[in-house]
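Just target18.cif here, mmCIF, N, CA and C atoms:
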```
data_final
#
loop_
_atom_site.label_atom_id
_atom_site.label_comp_id
_atom_site.auth_asym_id
_atom_site.auth_seq_id
_atom_site.Cartn_x
_atom_site.Cartn_y
_atom_site.Cartn_z
N MET N 81 -9.69 1.05 14.84
CA MET N 81 -8.27 1.05 14.61
C MET N 81 -7.56 1.04 15.97
N LYS N 82 -6.63 0.11 16.10
CA LYS N 82 -5.89 -0.01 17.34
C LYS N 82 -4.82 1.08 17.43
N LYS N 83 -4.39 1.33 18.66
CA LYS N 83 -3.37 2.35 18.89
C LYS N 83 -2.08 2.00 18.14
N LYS N 84 -1.73 0.71 18.13
CA LYS N 84 -0.51 0.26 17.45
C LYS N 84 -0.59 0.56 15.95
N ASP N 85 -1.75 0.34 15.34
CA ASP N 85 -1.92 0.63 13.91
C ASP N 85 -1.85 2.13 13.64
N LEU N 86 -2.42 2.91 14.53
CA LEU N 86 -2.40 4.36 14.38
C LEU N 86 -0.97 4.90 14.47
N ILE N 87 -0.20 4.37 15.41
CA ILE N 87 1.19 4.79 15.55
C ILE N 87 2.00 4.39 14.33
N PHE N 88 1.76 3.18 13.81
CA PHE N 88 2.47 2.74 12.61
C PHE N 88 2.15 3.65 11.42
N THR N 89 0.88 3.95 11.22
CA THR N 89 0.46 4.80 10.10
C THR N 89 1.05 6.20 10.23
N PHE N 90 1.00 6.77 11.43
CA PHE N 90 1.56 8.09 11.65
C PHE N 90 3.07 8.09 11.42
N GLY N 91 3.75 7.09 11.93
CA GLY N 91 5.20 7.00 11.75
C GLY N 91 5.58 6.81 10.30
N LEU N 92 4.85 5.96 9.59
CA LEU N 92 5.12 5.74 8.17
C LEU N 92 4.91 7.03 7.38
N THR N 93 3.84 7.74 7.67
CA THR N 93 3.56 8.99 6.97
C THR N 93 4.63 10.03 7.26
N LEU N 94 5.03 10.12 8.51
CA LEU N 94 6.08 11.07 8.88
C LEU N 94 7.41 10.72 8.19
N PHE N 95 7.78 9.45 8.20
CA PHE N 95 9.02 9.01 7.56
C PHE N 95 9.00 9.30 6.06
N MET N 96 7.90 8.96 5.41
CA MET N 96 7.82 9.17 3.96
C MET N 96 7.78 10.66 3.64
N GLY N 97 7.17 11.47 4.48
CA GLY N 97 7.18 12.91 4.29
C GLY N 97 8.58 13.48 4.37
N ILE N 98 9.33 13.02 5.36
CA ILE N 98 10.73 13.47 5.48
C ILE N 98 11.54 13.01 4.29
N LEU N 99 11.32 11.77 3.84
CA LEU N 99 12.03 11.26 2.67
C LEU N 99 11.70 12.07 1.42
N TRP N 100 10.43 12.45 1.27
CA TRP N 100 10.01 13.25 0.11
C TRP N 100 10.68 14.63 0.15
N VAL N 101 10.66 15.27 1.32
CA VAL N 101 11.28 16.59 1.46
C VAL N 101 12.77 16.52 1.19
N ALA N 102 13.43 15.48 1.70
CA ALA N 102 14.86 15.31 1.47
C ALA N 102 15.14 15.16 -0.03
N GLY N 103 14.33 14.39 -0.71
CA GLY N 103 14.49 14.23 -2.16
C GLY N 103 14.28 15.53 -2.90
N GLU N 104 13.30 16.30 -2.49
CA GLU N 104 13.05 17.59 -3.13
C GLU N 104 14.20 18.56 -2.89
N VAL N 105 14.75 18.54 -1.68
CA VAL N 105 15.89 19.41 -1.38
C VAL N 105 17.09 19.02 -2.24
N VAL N 106 17.35 17.73 -2.34
CA VAL N 106 18.47 17.26 -3.16
C VAL N 106 18.27 17.65 -4.62
N MET N 107 17.05 17.45 -5.12
CA MET N 107 16.77 17.81 -6.52
C MET N 107 16.80 19.32 -6.73
N GLY N 108 16.46 20.07 -5.71
CA GLY N 108 16.45 21.51 -5.85
C GLY N 108 17.82 22.15 -5.74
N LEU N 109 18.67 21.59 -4.91
CA LEU N 109 19.97 22.21 -4.66
C LEU N 109 21.10 21.64 -5.52
N TRP N 110 21.15 20.33 -5.69
CA TRP N 110 22.31 19.73 -6.33
C TRP N 110 22.03 19.13 -7.71
N ILE N 111 20.83 18.69 -7.96
CA ILE N 111 20.51 18.04 -9.22
C ILE N 111 19.52 18.91 -9.97
N ALA N 112 19.85 19.25 -11.19
CA ALA N 112 18.91 20.02 -12.01
C ALA N 112 17.91 19.05 -12.62
N ALA N 113 16.75 18.95 -12.00
CA ALA N 113 15.74 17.99 -12.43
C ALA N 113 14.56 18.73 -13.07
N PRO N 114 14.06 18.20 -14.18
CA PRO N 114 12.87 18.80 -14.79
C PRO N 114 11.63 18.57 -13.93
N THR N 115 10.57 19.23 -14.28
CA THR N 115 9.33 19.17 -13.50
C THR N 115 8.77 17.76 -13.40
N TRP N 116 8.87 16.98 -14.48
CA TRP N 116 8.28 15.64 -14.45
C TRP N 116 8.98 14.73 -13.43
N VAL N 117 10.23 15.00 -13.12
CA VAL N 117 10.93 14.21 -12.11
C VAL N 117 10.35 14.50 -10.72
N HIS N 118 10.03 15.74 -10.45
CA HIS N 118 9.42 16.11 -9.17
C HIS N 118 8.05 15.45 -9.02
N ILE N 119 7.28 15.47 -10.08
CA ILE N 119 5.95 14.85 -10.05
C ILE N 119 6.07 13.34 -9.88
N THR N 120 7.00 12.73 -10.60
CA THR N 120 7.20 11.28 -10.48
C THR N 120 7.69 10.91 -9.08
N TRP N 121 8.57 11.72 -8.51
CA TRP N 121 9.06 11.48 -7.16
C TRP N 121 7.91 11.52 -6.15
N PHE N 122 7.04 12.53 -6.28
CA PHE N 122 5.90 12.64 -5.37
C PHE N 122 4.95 11.45 -5.54
N ALA N 123 4.64 11.09 -6.78
CA ALA N 123 3.75 9.95 -7.04
C ALA N 123 4.36 8.66 -6.50
N GLY N 124 5.67 8.50 -6.68
CA GLY N 124 6.34 7.30 -6.16
C GLY N 124 6.26 7.20 -4.65
N ILE N 125 6.47 8.32 -3.98
CA ILE N 125 6.38 8.34 -2.51
C ILE N 125 4.97 7.97 -2.06
N VAL N 126 3.96 8.52 -2.71
CA VAL N 126 2.57 8.21 -2.35
C VAL N 126 2.27 6.74 -2.58
N VAL N 127 2.68 6.19 -3.71
CA VAL N 127 2.41 4.79 -4.03
C VAL N 127 3.12 3.87 -3.04
N VAL N 128 4.37 4.15 -2.73
CA VAL N 128 5.10 3.31 -1.77
C VAL N 128 4.46 3.39 -0.39
N THR N 129 4.05 4.56 0.04
CA THR N 129 3.41 4.72 1.34
C THR N 129 2.12 3.92 1.41
N LEU N 130 1.28 4.04 0.39
CA LEU N 130 0.02 3.29 0.38
C LEU N 130 0.27 1.79 0.33
N THR N 131 1.25 1.35 -0.46
CA THR N 131 1.55 -0.07 -0.57
C THR N 131 2.02 -0.64 0.77
N VAL N 132 2.93 0.04 1.42
CA VAL N 132 3.42 -0.43 2.72
C VAL N 132 2.29 -0.46 3.74
N SER N 133 1.44 0.54 3.72
CA SER N 133 0.32 0.59 4.65
C SER N 133 -0.66 -0.57 4.43
N VAL N 134 -0.98 -0.85 3.18
CA VAL N 134 -1.92 -1.94 2.87
C VAL N 134 -1.31 -3.29 3.22
N VAL N 135 -0.04 -3.49 2.87
CA VAL N 135 0.62 -4.77 3.19
C VAL N 135 0.68 -4.97 4.71
N HIS N 136 0.99 -3.93 5.44
CA HIS N 136 1.01 -4.02 6.91
C HIS N 136 -0.37 -4.37 7.44
N SER N 137 -1.39 -3.76 6.90
CA SER N 137 -2.76 -4.03 7.33
C SER N 137 -3.14 -5.49 7.06
N LEU N 138 -2.79 -6.00 5.89
CA LEU N 138 -3.10 -7.39 5.56
C LEU N 138 -2.34 -8.36 6.46
N MET N 139 -1.08 -8.03 6.76
CA MET N 139 -0.31 -8.89 7.66
C MET N 139 -0.90 -8.90 9.06
N GLU N 140 -1.37 -7.76 9.53
CA GLU N 140 -2.00 -7.69 10.85
C GLU N 140 -3.29 -8.49 10.88
N ASP N 141 -4.07 -8.46 9.79
CA ASP N 141 -5.30 -9.23 9.73
C ASP N 141 -5.02 -10.73 9.78
N GLU N 142 -3.99 -11.18 9.05
CA GLU N 142 -3.63 -12.59 9.08
C GLU N 142 -3.16 -13.00 10.47
N TYR N 143 -2.38 -12.14 11.11
CA TYR N 143 -1.90 -12.43 12.45
C TYR N 143 -3.07 -12.53 13.43
N ALA N 144 -4.04 -11.64 13.28
CA ALA N 144 -5.19 -11.64 14.19
C ALA N 144 -6.02 -12.90 14.01
N GLU N 145 -6.13 -13.40 12.77
CA GLU N 145 -6.90 -14.62 12.54
C GLU N 145 -6.18 -15.84 13.11
N GLU N 146 -4.87 -15.88 13.01
CA GLU N 146 -4.10 -17.03 13.49
C GLU N 146 -4.03 -17.07 15.02
N HIS N 147 -3.91 -15.92 15.64
CA HIS N 147 -3.72 -15.84 17.08
C HIS N 147 -4.93 -15.19 17.73
N ARG N 148 -5.88 -16.03 18.08
CA ARG N 148 -7.09 -15.52 18.71
C ARG N 148 -6.83 -15.30 20.20
N ASP N 149 -7.58 -14.40 20.76
CA ASP N 149 -7.45 -14.07 22.17
C ASP N 149 -8.02 -15.22 23.01
N PRO N 150 -7.25 -15.79 23.94
CA PRO N 150 -7.74 -16.90 24.76
C PRO N 150 -8.96 -16.53 25.61
N LYS N 151 -8.99 -15.31 26.10
CA LYS N 151 -10.15 -14.89 26.90
C LYS N 151 -11.41 -14.85 26.04
N ARG N 152 -11.26 -14.38 24.80
CA ARG N 152 -12.42 -14.32 23.91
C ARG N 152 -12.90 -15.73 23.55
N GLU N 153 -11.98 -16.65 23.34
CA GLU N 153 -12.36 -18.03 23.04
C GLU N 153 -13.08 -18.67 24.22
N LYS N 154 -12.60 -18.42 25.43
CA LYS N 154 -13.25 -18.96 26.62
C LYS N 154 -14.67 -18.41 26.76
N TYR N 155 -14.83 -17.12 26.50
CA TYR N 155 -16.15 -16.50 26.55
C TYR N 155 -17.09 -17.12 25.52
N GLU N 156 -16.60 -17.32 24.30
CA GLU N 156 -17.42 -17.91 23.25
C GLU N 156 -17.82 -19.34 23.58
N ARG N 157 -16.91 -20.11 24.20
CA ARG N 157 -17.26 -21.48 24.60
C ARG N 157 -18.36 -21.46 25.65
N LYS N 158 -18.27 -20.53 26.61
CA LYS N 158 -19.30 -20.43 27.65
C LYS N 158 -20.66 -20.08 27.04
N VAL N 159 -20.67 -19.13 26.15
CA VAL N 159 -21.92 -18.68 25.53
C VAL N 159 -22.51 -19.80 24.69
N ASN N 160 -21.67 -20.50 23.94
CA ASN N 160 -22.18 -21.60 23.11
C ASN N 160 -22.66 -22.78 23.95
N LYS N 161 -22.09 -22.98 25.12
CA LYS N 161 -22.50 -24.08 25.99
C LYS N 161 -23.90 -23.83 26.53
N ARG N 162 -24.26 -22.60 26.79
CA ARG N 162 -25.59 -22.25 27.34
C ARG N 162 -26.70 -22.43 26.34
N LYS N 163 -26.38 -22.37 25.08
CA LYS N 163 -27.44 -22.44 24.05
C LYS N 163 -27.93 -23.82 23.83
#
```

Here is the file; what I need is its structure written in the form of structure tokens.
Amino acid sequence: MKKKDLIFTFGLTLFMGILWVAGEVVMGLWIAAPTWVHITWFAGIVVVTLTVSVVHSLMEDEYAEEHRDPKREKYERKVNKRK
């Protein structure tokens, strides 16, 4: 895992955690919400976090396939030329 991916995952988790806590505070102080709303809110936050993380990962994989490292390509050409 690259440092950029780790920072994205940590930031996403932190943001969604703050969003979840803010929602719980709002539901606890101003909105009289039954228990199932709290459970649904938590499940929704988890699902959205996982979805965003997976989509980001897939986009990074596509980007990596399209944009290969020029140094790596040069190395592979040299190695294939020797064979």

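For the residues N:Ser137, N:Trp121, N:Val128, N:Glu156, ranking by smallest atom-to-atom distance to N:Gly103 using only N, CA and C atoms places N:Trp121 first.
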
Point-to-point distance in Å for atom C of N:Leu130 and atom CA of N:Gly91: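 One can read the atom CA of N:Gly91 to atom C of N:Leu130 distance as 13.5 Å.
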
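Between atom N of N:Thr129 and atom C of N:Trp110 lies a distance of 24.4 Å.
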
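Atom CA of N:Leu138 is positioned 13.7 Å from atom N of N:Leu86.
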